[in-house]
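Peer 1: I'm passing along start.cif; it holds mmCIF, C-alpha atoms and all ligand atoms.
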data_coords
loop_
_atom_site.label_atom_id
_atom_site.label_comp_id
_atom_site.auth_asym_id
_atom_site.auth_seq_id
_atom_site.Cartn_x
_atom_site.Cartn_y
_atom_site.Cartn_z
CA MET J 1 97.25 -1.85 1.83
CA HIS J 2 100.80 -2.68 2.69
CA GLY J 3 101.63 -3.65 -0.89
CA ARG J 4 100.27 -0.34 -2.02
CA ARG J 5 102.39 1.67 0.36
CA GLU J 6 105.40 -0.34 -0.67
CA ALA J 7 104.53 0.50 -4.24
CA MET J 8 104.35 4.21 -3.45
CA ARG J 9 107.85 4.02 -2.08
CA MET J 10 109.27 1.87 -4.81
CA THR J 11 107.75 2.27 -8.23
CA GLY J 12 104.05 2.87 -7.87
CA HIS J 13 103.14 0.05 -10.28
CA ALA J 14 100.77 -1.76 -7.94
CA LEU J 15 98.67 1.37 -7.56
CA ALA J 16 97.38 1.26 -11.09
CA ARG J 17 94.93 -1.43 -10.06
CA THR J 18 93.41 0.63 -7.28
CA ALA J 19 92.71 3.85 -9.20
CA SER J 20 89.01 4.55 -9.67
CA SER J 21 87.01 5.54 -12.69
CA ILE J 22 84.46 8.34 -12.29
CA ARG J 23 81.08 8.63 -13.95
CA ILE J 24 79.26 11.95 -13.76
CA GLU J 25 75.77 11.73 -15.21
CA ALA J 26 73.55 14.75 -15.94
CA VAL J 27 74.70 16.59 -12.81
CA THR J 28 72.98 19.94 -12.26
CA LYS J 29 73.65 22.31 -9.39
CA SER J 30 72.26 25.82 -8.82
CA PHE J 31 72.97 28.41 -6.15
CA GLU J 32 69.77 30.47 -6.19
CA ARG J 33 70.73 32.17 -9.43
CA GLU J 34 69.24 32.14 -12.89
CA VAL J 35 72.27 30.42 -14.39
CA ALA J 36 73.12 26.99 -13.01
CA ALA J 37 76.68 26.55 -11.74
CA LEU J 38 76.55 23.08 -13.34
CA ASP J 39 74.07 22.43 -16.11
CA SER J 40 73.52 18.74 -16.88
CA VAL J 41 77.21 17.79 -16.83
CA THR J 42 78.01 14.29 -18.08
CA LEU J 43 81.59 13.01 -18.01
CA ASP J 44 83.37 9.68 -17.90
CA ILE J 45 86.84 9.75 -16.40
CA GLU J 46 88.95 6.63 -16.72
CA ALA J 47 90.80 4.96 -13.90
CA GLY J 48 94.38 6.25 -13.79
CA GLU J 49 93.66 9.16 -16.08
CA PHE J 50 95.06 12.69 -15.71
CA PHE J 51 91.86 14.53 -16.43
CA THR J 52 91.59 18.33 -16.46
CA LEU J 53 88.61 20.64 -16.05
CA LEU J 54 89.49 23.80 -17.97
CA GLY J 55 87.52 27.01 -18.22
CA PRO J 56 87.31 30.65 -17.20
CA SER J 57 86.59 31.81 -13.67
CA GLY J 58 83.02 31.07 -12.61
CA CYS J 59 82.35 28.29 -15.15
CA GLY J 60 81.74 25.68 -12.43
CA LYS J 61 85.10 23.90 -12.03
CA THR J 62 85.29 24.13 -8.25
CA THR J 63 81.62 23.25 -7.88
CA LEU J 64 82.18 20.06 -9.88
CA LEU J 65 85.18 19.08 -7.73
CA ARG J 66 83.12 19.74 -4.60
CA VAL J 67 80.36 17.51 -5.93
CA LEU J 68 82.93 14.74 -6.50
CA ALA J 69 84.35 15.22 -3.00
CA GLY J 70 80.83 15.08 -1.51
CA LEU J 71 81.07 18.64 -0.16
CA GLU J 72 78.20 19.74 -2.40
CA GLN J 73 75.03 17.80 -3.26
CA PRO J 74 73.84 17.96 -6.88
CA ASP J 75 70.23 19.09 -7.43
CA SER J 76 69.87 16.23 -9.88
CA GLY J 77 72.01 13.68 -11.67
CA ARG J 78 74.36 11.09 -10.24
CA VAL J 79 78.01 10.46 -9.49
CA GLU J 80 79.76 7.10 -9.41
CA ILE J 81 83.31 6.58 -8.21
CA GLY J 82 84.89 3.19 -8.82
CA GLY J 83 81.54 1.91 -10.08
CA ARG J 84 79.79 2.79 -6.82
CA SER J 85 77.01 5.36 -6.51
CA MET J 86 78.03 8.26 -4.26
CA ALA J 87 74.42 9.15 -3.36
CA GLY J 88 74.33 9.63 0.38
CA VAL J 89 78.05 8.85 0.81
CA PRO J 90 79.65 11.55 3.01
CA PRO J 91 83.06 13.08 2.10
CA HIS J 92 85.09 11.06 4.61
CA ARG J 93 83.67 7.80 3.25
CA ARG J 94 84.86 8.53 -0.30
CA SER J 95 88.33 7.44 -1.40
CA VAL J 96 88.96 10.97 -2.58
CA ASN J 97 91.30 13.71 -1.38
CA THR J 98 91.55 17.32 -2.45
CA VAL J 99 94.48 19.70 -2.88
CA PHE J 100 93.29 23.30 -2.84
CA GLN J 101 94.80 26.42 -4.33
CA SER J 102 95.37 27.93 -0.90
CA TYR J 103 97.61 25.49 0.89
CA ALA J 104 95.57 25.49 4.13
CA LEU J 105 98.41 23.97 6.13
CA PHE J 106 98.47 24.04 9.93
CA PRO J 107 100.86 26.93 10.61
CA HIS J 108 102.02 25.82 14.05
CA ARG J 109 102.89 22.28 13.07
CA ASN J 110 105.94 21.05 11.28
CA VAL J 111 105.89 19.28 7.91
CA ARG J 112 105.73 15.79 9.45
CA GLN J 113 102.77 16.75 11.65
CA ASN J 114 100.96 18.36 8.73
CA ILE J 115 101.35 15.26 6.59
CA GLY J 116 100.39 12.86 9.36
CA PHE J 117 97.42 14.79 10.74
CA GLY J 118 94.73 12.96 8.76
CA LEU J 119 96.14 9.56 9.65
CA GLU J 120 96.32 10.57 13.31
CA MET J 121 92.62 11.50 13.21
CA GLN J 122 91.86 8.05 11.79
CA GLY J 123 93.71 6.44 14.68
CA VAL J 124 96.48 4.96 12.56
CA PRO J 125 99.34 3.75 14.82
CA GLY J 126 102.26 6.16 15.23
CA ALA J 127 104.88 3.88 13.70
CA GLU J 128 102.79 3.46 10.58
CA ILE J 129 102.16 7.22 10.32
CA ALA J 130 105.91 7.84 10.54
CA GLU J 131 106.63 5.27 7.86
CA ARG J 132 103.93 6.45 5.47
CA SER J 133 104.75 10.15 5.99
CA GLN J 134 108.41 9.51 5.27
CA ALA J 135 107.62 7.55 2.10
CA ILE J 136 105.24 10.13 0.73
CA ALA J 137 107.56 13.03 1.63
CA GLU J 138 110.33 11.39 -0.37
CA LEU J 139 107.99 10.84 -3.29
CA THR J 140 106.98 14.52 -3.32
CA GLY J 141 110.52 15.82 -2.90
CA ILE J 142 110.30 17.07 0.69
CA GLY J 143 111.98 14.13 2.44
CA THR J 144 114.59 16.40 4.00
CA LEU J 145 112.10 18.99 5.25
CA LEU J 146 110.02 16.82 7.60
CA ASP J 147 111.12 18.63 10.77
CA ARG J 148 110.77 22.15 9.38
CA ASP J 149 108.03 24.52 10.47
CA VAL J 150 105.67 25.17 7.59
CA ALA J 151 106.13 28.91 8.20
CA GLN J 152 109.74 28.54 7.01
CA LEU J 153 108.81 26.99 3.68
CA SER J 154 108.63 28.57 0.23
CA GLY J 155 105.40 28.56 -1.78
CA GLY J 156 106.50 25.59 -3.86
CA GLN J 157 107.52 23.60 -0.77
CA ARG J 158 104.18 24.33 0.89
CA GLN J 159 102.33 23.10 -2.12
CA ARG J 160 104.36 19.88 -1.97
CA VAL J 161 103.34 19.48 1.68
CA ALA J 162 99.69 19.98 0.71
CA LEU J 163 100.12 17.34 -1.99
CA ALA J 164 101.87 14.92 0.39
CA ARG J 165 99.12 15.44 2.96
CA ALA J 166 96.50 14.43 0.41
CA LEU J 167 98.48 11.50 -1.03
CA VAL J 168 99.37 9.97 2.34
CA ASN J 169 95.71 8.95 2.70
CA GLU J 170 96.17 6.79 -0.40
CA PRO J 171 93.01 7.93 -2.15
CA ASP J 172 91.81 6.31 -5.37
CA VAL J 173 91.10 9.77 -6.76
CA LEU J 174 92.99 13.00 -6.18
CA LEU J 175 91.18 16.28 -6.87
CA LEU J 176 93.42 19.30 -7.47
CA ASP J 177 91.82 22.75 -7.56
CA GLU J 178 94.23 25.18 -9.29
CA PRO J 179 97.07 23.94 -7.08
CA LEU J 180 99.81 25.75 -9.01
CA SER J 181 98.18 29.07 -9.82
CA ALA J 182 99.68 30.96 -6.86
CA LEU J 183 103.26 30.05 -7.89
CA ASP J 184 105.56 32.05 -10.13
CA ALA J 185 105.99 30.94 -13.73
CA GLY J 186 109.31 29.06 -13.48
CA LEU J 187 108.39 27.05 -10.42
CA ARG J 188 104.99 26.41 -11.88
CA ALA J 189 106.39 24.90 -15.06
CA HIS J 190 108.71 22.72 -12.99
CA LEU J 191 105.91 21.47 -10.73
CA GLN J 192 103.65 20.81 -13.71
CA LEU J 193 106.13 18.25 -14.99
CA GLU J 194 106.74 16.80 -11.56
CA LEU J 195 103.07 16.42 -10.79
CA LYS J 196 102.47 14.70 -14.10
CA ARG J 197 105.35 12.28 -13.48
CA LEU J 198 104.05 11.59 -9.99
CA GLN J 199 100.58 10.83 -11.32
CA ARG J 200 102.06 8.41 -13.88
CA ARG J 201 104.10 6.72 -11.26
CA LEU J 202 101.20 6.29 -8.84
CA GLY J 203 98.69 5.43 -11.55
CA MET J 204 96.14 7.37 -9.52
CA THR J 205 93.14 9.11 -11.08
CA PHE J 206 93.78 12.88 -11.02
CA VAL J 207 91.03 15.42 -11.64
CA PHE J 208 92.91 18.68 -12.07
CA VAL J 209 91.35 22.13 -12.34
CA THR J 210 92.93 25.09 -14.11
CA HIS J 211 91.95 28.19 -16.08
CA ASP J 212 95.29 28.08 -17.94
CA GLN J 213 95.03 26.33 -21.31
CA GLU J 214 98.78 25.78 -21.66
CA GLU J 215 98.94 24.14 -18.25
CA ALA J 216 96.00 21.93 -19.23
CA MET J 217 97.68 20.93 -22.49
CA VAL J 218 101.06 19.95 -21.05
CA MET J 219 99.65 17.98 -18.14
CA SER J 220 96.51 16.18 -19.23
CA ASP J 221 95.54 12.93 -20.87
CA ARG J 222 92.17 14.54 -21.61
CA ILE J 223 90.60 17.92 -21.06
CA ALA J 224 86.97 18.92 -20.49
CA VAL J 225 86.39 22.57 -21.43
CA LEU J 226 83.58 24.12 -19.40
CA ASN J 227 81.53 27.11 -20.50
CA ALA J 228 79.02 28.53 -18.01
CA GLY J 229 78.32 25.24 -16.28
CA ARG J 230 78.19 23.13 -19.44
CA ILE J 231 80.72 20.85 -21.06
CA ALA J 232 81.78 22.48 -24.32
CA GLN J 233 84.20 19.72 -25.37
CA VAL J 234 85.99 16.67 -24.03
CA ASP J 235 89.09 15.61 -25.92
CA THR J 236 92.84 15.10 -25.82
CA PRO J 237 95.00 18.25 -25.62
CA GLN J 238 95.66 17.94 -29.34
CA GLY J 239 91.96 17.48 -30.02
CA VAL J 240 90.80 20.60 -28.18
CA TYR J 241 93.62 22.70 -29.63
CA GLU J 242 93.52 21.53 -33.24
CA ALA J 243 89.82 20.78 -33.58
CA PRO J 244 87.97 22.96 -31.09
CA ALA J 245 84.24 22.21 -30.98
CA ASP J 246 83.13 25.84 -31.19
CA LEU J 247 84.32 29.46 -31.13
CA PHE J 248 84.27 29.59 -27.33
CA VAL J 249 86.69 26.66 -27.05
CA ALA J 250 88.83 28.01 -29.89
CA ARG J 251 89.15 31.44 -28.24
CA PHE J 252 89.80 29.89 -24.88
CA MET J 253 92.59 27.74 -26.33
CA GLY J 254 94.25 30.97 -27.49
CA HIS J 255 93.24 31.03 -31.14
CA GLU J 256 92.78 34.39 -32.82
CA ASN J 257 92.52 33.70 -36.53
CA PHE J 258 88.85 33.38 -37.42
CA VAL J 259 87.85 33.95 -41.02
CA PRO J 260 84.15 34.08 -41.94
CA ILE J 261 83.17 31.67 -44.72
CA ARG J 262 80.87 33.34 -47.26
CA GLN J 263 80.13 30.43 -49.53
CA ARG J 264 81.28 26.88 -50.14
CA ASP J 265 81.22 24.48 -53.04
CA ALA J 266 82.64 21.08 -53.95
CA THR J 267 86.25 22.25 -54.27
CA GLY J 268 86.63 24.91 -51.60
CA VAL J 269 85.34 28.01 -49.85
CA ASP J 270 85.00 31.74 -50.52
CA THR J 271 86.14 33.67 -47.47
CA ALA J 272 86.87 37.16 -46.29
CA ILE J 273 90.53 36.63 -47.27
CA GLY J 274 89.71 35.15 -50.70
CA ARG J 275 89.04 31.85 -52.39
CA LEU J 276 90.61 28.80 -50.71
CA ASP J 277 90.69 25.37 -52.36
CA GLY J 278 90.56 22.26 -50.20
CA ASP J 279 88.35 20.37 -47.79
CA PHE J 280 87.48 22.84 -45.05
CA GLY J 281 84.52 21.03 -43.48
CA GLY J 282 81.15 22.55 -42.77
CA GLY J 283 81.32 25.46 -40.28
CA THR J 284 80.63 29.18 -40.55
CA HIS J 285 84.18 30.25 -39.67
CA LEU J 286 87.58 29.04 -40.71
CA LEU J 287 90.06 28.72 -37.89
CA LEU J 288 93.66 29.11 -39.06
CA ARG J 289 96.31 27.98 -36.62
CA PRO J 290 99.11 30.56 -36.47
CA GLU J 291 101.77 27.90 -37.05
CA ALA J 292 99.89 26.66 -40.15
CA ILE J 293 100.16 30.00 -41.95
CA ARG J 294 103.21 30.01 -44.21
CA LEU J 295 105.10 33.05 -45.40
CA ASP J 296 107.02 33.69 -48.65
CA SER J 297 109.19 30.71 -49.72
CA ASP J 298 107.34 28.38 -47.32
CA ALA J 299 104.05 29.63 -48.73
CA ARG J 300 104.90 28.38 -52.20
CA GLU J 301 104.52 24.76 -51.05
CA VAL J 302 100.77 25.16 -50.47
CA PRO J 303 98.01 25.80 -53.04
CA ASN J 304 96.20 28.80 -51.53
CA ARG J 305 98.19 32.01 -51.57
CA PHE J 306 97.47 35.69 -51.13
CA MET J 307 99.32 38.87 -50.26
CA ALA J 308 99.33 40.55 -46.84
CA ARG J 309 101.13 43.36 -45.06
CA VAL J 310 103.13 42.83 -41.86
CA SER J 311 101.71 45.20 -39.23
CA GLU J 312 103.49 43.88 -36.17
CA ARG J 313 106.41 41.60 -35.40
CA LEU J 314 107.08 39.85 -32.10
CA TYR J 315 110.38 38.02 -31.76
CA ARG J 316 110.03 35.16 -29.27
CA GLY J 317 113.34 33.34 -29.57
CA GLY J 318 112.33 29.98 -31.02
CA MET J 319 109.77 31.65 -33.27
CA THR J 320 108.59 34.99 -34.54
CA GLU J 321 104.96 36.06 -34.55
CA TYR J 322 103.70 38.32 -37.32
CA ARG J 323 100.44 40.20 -37.30
CA LEU J 324 99.26 40.39 -40.89
CA ASP J 325 96.73 42.73 -42.47
CA CYS J 326 94.74 40.86 -45.10
CA GLY J 327 92.11 43.37 -46.21
CA ASP J 328 89.65 43.73 -43.34
CA ILE J 329 90.95 40.64 -41.58
CA GLN J 330 93.96 40.44 -39.29
CA LEU J 331 95.81 37.17 -38.95
CA MET J 332 98.53 36.07 -36.58
CA ALA J 333 101.25 33.89 -38.12
CA SER J 334 103.87 32.06 -36.10
CA CYS J 335 107.10 31.10 -37.89
CA ALA J 336 109.88 28.91 -36.50
CA ASN J 337 113.20 30.78 -36.44
CA ARG J 338 115.68 28.65 -38.38
CA GLY J 339 118.30 31.31 -39.07
CA GLN J 340 116.44 32.85 -42.00
CA PRO J 341 116.02 36.64 -42.12
CA GLY J 342 112.71 37.83 -40.68
CA HIS J 343 110.09 40.08 -42.22
CA GLU J 344 109.93 43.77 -41.38
CA VAL J 345 106.89 45.74 -40.32
CA GLY J 346 105.37 47.34 -43.43
CA GLU J 347 106.70 44.61 -45.75
CA THR J 348 104.29 42.88 -48.13
CA VAL J 349 104.54 39.09 -47.87
CA GLU J 350 103.05 36.15 -49.67
CA VAL J 351 100.87 34.08 -47.34
CA GLY J 352 100.02 30.41 -47.89
CA VAL J 353 97.17 28.48 -46.31
CA SER J 354 96.54 24.76 -46.70
CA ASP J 355 93.49 22.82 -45.60
CA ARG J 356 95.66 20.95 -43.14
CA GLY J 357 96.23 22.95 -39.96
CA THR J 358 92.84 24.57 -40.22
CA ALA J 359 89.54 23.71 -38.62
CA THR J 360 86.05 24.96 -39.35
CA LEU J 361 83.75 26.13 -36.63
CA ALA J 362 80.13 27.02 -36.25
CA ASP J 363 79.49 30.10 -34.12
N1 LIG B 1 78.51 28.56 -2.31
C1 LIG B 1 78.09 29.29 -3.36
N2 LIG B 1 77.04 30.15 -3.21
C2 LIG B 1 76.58 30.88 -4.26
N3 LIG B 1 77.10 30.82 -5.49
C3 LIG B 1 78.14 29.99 -5.70
C4 LIG B 1 78.69 29.19 -4.64
N4 LIG B 1 79.73 28.47 -5.15
C5 LIG B 1 79.82 28.80 -6.46
N5 LIG B 1 78.88 29.70 -6.79
C6 LIG B 1 78.66 30.27 -8.12
O1 LIG B 1 78.63 29.20 -9.04
C7 LIG B 1 79.33 29.53 -10.23
C8 LIG B 1 80.48 28.58 -10.45
O2 LIG B 1 81.44 28.81 -9.44
P1 LIG B 1 82.77 27.94 -9.29
O3 LIG B 1 82.42 26.50 -9.36
O4 LIG B 1 83.47 28.41 -8.08
O5 LIG B 1 83.57 28.35 -10.61
P2 LIG B 1 85.13 28.20 -10.98
O6 LIG B 1 85.76 27.31 -9.97
O7 LIG B 1 85.12 27.64 -12.36
O8 LIG B 1 85.70 29.59 -10.96
C9 LIG B 1 79.75 30.98 -10.10
O9 LIG B 1 78.76 31.78 -10.67
C10 LIG B 1 79.80 31.16 -8.60
O10 LIG B 1 79.56 32.50 -8.25
MG MG B 2 87.40 27.65 -8.71
#
Translate the structure of the given file into structure tokens.
Peer 2:
Amino acid sequence: MHGRREAMRMTGHALARTASSIRIEAVTKSFEREVAALDSVTLDIEAGEFFTLLGPSGCGKTTLLRVLAGLEQPDSGRVEIGGRSMAGVPPHRRSVNTVFQSYALFPHRNVRQNIGFGLEMQGVPGAEIAERSQAIAELTGIGTLLDRDVAQLSGGQRQRVALARALVNEPDVLLLDEPLSALDAGLRAHLQLELKRLQRRLGMTFVFVTHDQEEAMVMSDRIAVLNAGRIAQVDTPQGVYEAPADLFVARFMGHENFVPIRQRDATGVDTAIGRLDGDFGGGTHLLLRPEAIRLDSDAREVPNRFMARVSERLYRGGMTEYRLDCGDIQLMASCANRGQPGHEVGETVEVGVSDRGTATLAD
């Protein structure tokens, strides 16, 4: 244990060995409703992984975290943490801590007392509590705030205290339930990076919950997308974004360009926007990524071209988004701004689509 604490203070390397893997096998949980909150969920999370549960409100993310923490019993299925069955193991006997969205700090205690509370309850000697609290506060960037009242802290500082309070217990697994969603955008982006660095440094297994697909993409090693209590897809950020398993995942990842496929043959597909040559796989819809749609001179580098009218233009600094009318279908194209003149609303442009940068989906 001492080596581990030392590691937390220094580099965190030694912690990699103590992170736990998680196996969730056919876990089902219902709350007296027709639809199960969790419907036969199976997941393998690797030791030391930054794993994210992503999905809309009500899809079962919090319920799954509560099952892992032992706060909720599954109706059926099993959970293993670090290769050990969690059946009958109460929350305080699991090497798991949770950071909640609401900080739930003790308002009348200072930062040091908030961080040390759990250790105090376990009867850890005062000198050790002081040492561990100091180390973890430095790691989470609140080393100078230990004597402050939590009432005096900003939202971001409070969330760091909540994080420090969970980490000071040295769990093998940290569960984080939308810990950043109450923060404003700038601070949130900053803490996303910090949290990811911290996880790397500690080598701890993080199971992170969010409904924000961009947050999931920047932070995670892998993402499980949940849809109404079921796992829709488990993949890397690039995998879920570029090759979503179905229309639900594609929409949730922010995609808008879905083109129905009418017919396919050996060399290509007939679609609602015309004939496209290439290998487009076997789904019912073509998904075109906005950054894979080329306009005018860029379009000439790819084989499949057609004309469209610009109906909307959104300048976003690094890129410009164009909404394009292509017959009955509307497409969103995203073009990097490299100093070239943009396209005006009402202009007719040549659009190019290649089979790379597309994915096919079944609905
Ligand atoms: N204690 C509970 N009692 C009744 N229904 C619940 C309870 N907890 C969660 N649910 C229901 O289970 C489903 C999943 O909820 P939850 O896991 O909180 O979703 P998420 O965290 O993804 O928003 C929702 O339909 C929710 O209303
Ligand atoms: Mg929730």
Peer 1: For Arg23 of chain J, which residue out of J:His190, J:Arg78, J:Arg230, J:His108 is the nearest one, using all atoms listed in the file?
Peer 2: J:Arg78
Peer 1: Using only C-alpha atoms and all ligand atoms, which residues of the polymer chains come no farther than 10 Å from ligand MG 2 (chain B)? I'd like the answer as a PyMOL selection string.
Peer 2: chain J and resi 55-66+100-101+177-178+209-211
Peer 1: Nearest to Leu202 of chain J among J:Asp325, J:Asp44, J:Glu49, J:Glu344, with distances taken over only C-alpha atoms: which residue is it?
Peer 2: J:Glu49
Peer 1: Go ahead and compute the interatomic distance for atom CA of Val269 of chain J and atom CA of Met307 of chain J, in Å to one decimal.
Peer 2: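 Between atom CA of Val269 of chain J and atom CA of Met307 of chain J the gap is 17.7 Å.
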Peer 1: Which residue out of J:Glu32, J:Asp39, J:Asp296, J:Glu301 has the minimum interatomic distance to ligand LIG 1 (chain B) when all atoms listed in the file are used?
Peer 2: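 Comparing J:Glu32, J:Asp39, J:Asp296, J:Glu301 against ligand LIG 1 (chain B), the winner is J:Glu32.
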Peer 1: Mind pulling up the distance from atom CA of Asp246 of chain J to atom CA of Ala362 of chain J?
Peer 2: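 According to the coordinates, atom CA of Ala362 of chain J and atom CA of Asp246 of chain J are separated by 6.0 Å.
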Peer 1: J:His92, J:Arg197, J:Arg158, J:Arg188: which is nearest Met121 of chain J, counting all atoms listed in the file?
Peer 2: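 Distance minimum relative to Met121 of chain J lands on J:His92.
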Peer 1: Quick one: of J:Ile231, J:Leu174, J:Leu195, J:Ile293, who's nearest to ligand LIG 1 (chain B), counting all atoms listed in the file?
Peer 2: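 So, comparing all the options, the nearest one is J:Ile231.
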Peer 1: Would you mind listing what lies within 9 Å of Phe306 of chain J as a ChimeraX atom specification, with only C-alpha atoms counted and same-chain residues fewer than 2 positions away left out?
Peer 2: /J:273-274,304,308,326,349-353
Peer 1: Go ahead and save the picked residues with C-alpha atoms, as a PDB file, in the coordinates of the input.
Peer 2:
ATOM      1  CA  ILE J 273      90.530  36.630 -47.270  1.00  0.00           C
ATOM      2  CA  GLY J 274      89.710  35.150 -50.700  1.00  0.00           C
ATOM      3  CA  ASN J 304      96.200  28.800 -51.530  1.00  0.00           C
ATOM      4  CA  ALA J 308      99.330  40.550 -46.840  1.00  0.00           C
ATOM      5  CA  CYS J 326      94.740  40.860 -45.100  1.00  0.00           C
ATOM      6  CA  VAL J 349     104.540  39.090 -47.870  1.00  0.00           C
ATOM      7  CA  GLU J 350     103.050  36.150 -49.670  1.00  0.00           C
ATOM      8  CA  VAL J 351     100.870  34.080 -47.340  1.00  0.00           C
ATOM      9  CA  GLY J 352     100.020  30.410 -47.890  1.00  0.00           C
ATOM     10  CA  VAL J 353      97.170  28.480 -46.310  1.00  0.00           C
TER      11      VAL J 353
END
Peer 1: Report the distance between atom CA of Glu80 of chain J and atom CA of Met204 of chain J in Å, rounded to one decimal place.
Peer 2: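 According to the coordinates, atom CA of Glu80 of chain J and atom CA of Met204 of chain J are separated by 16.4 Å.
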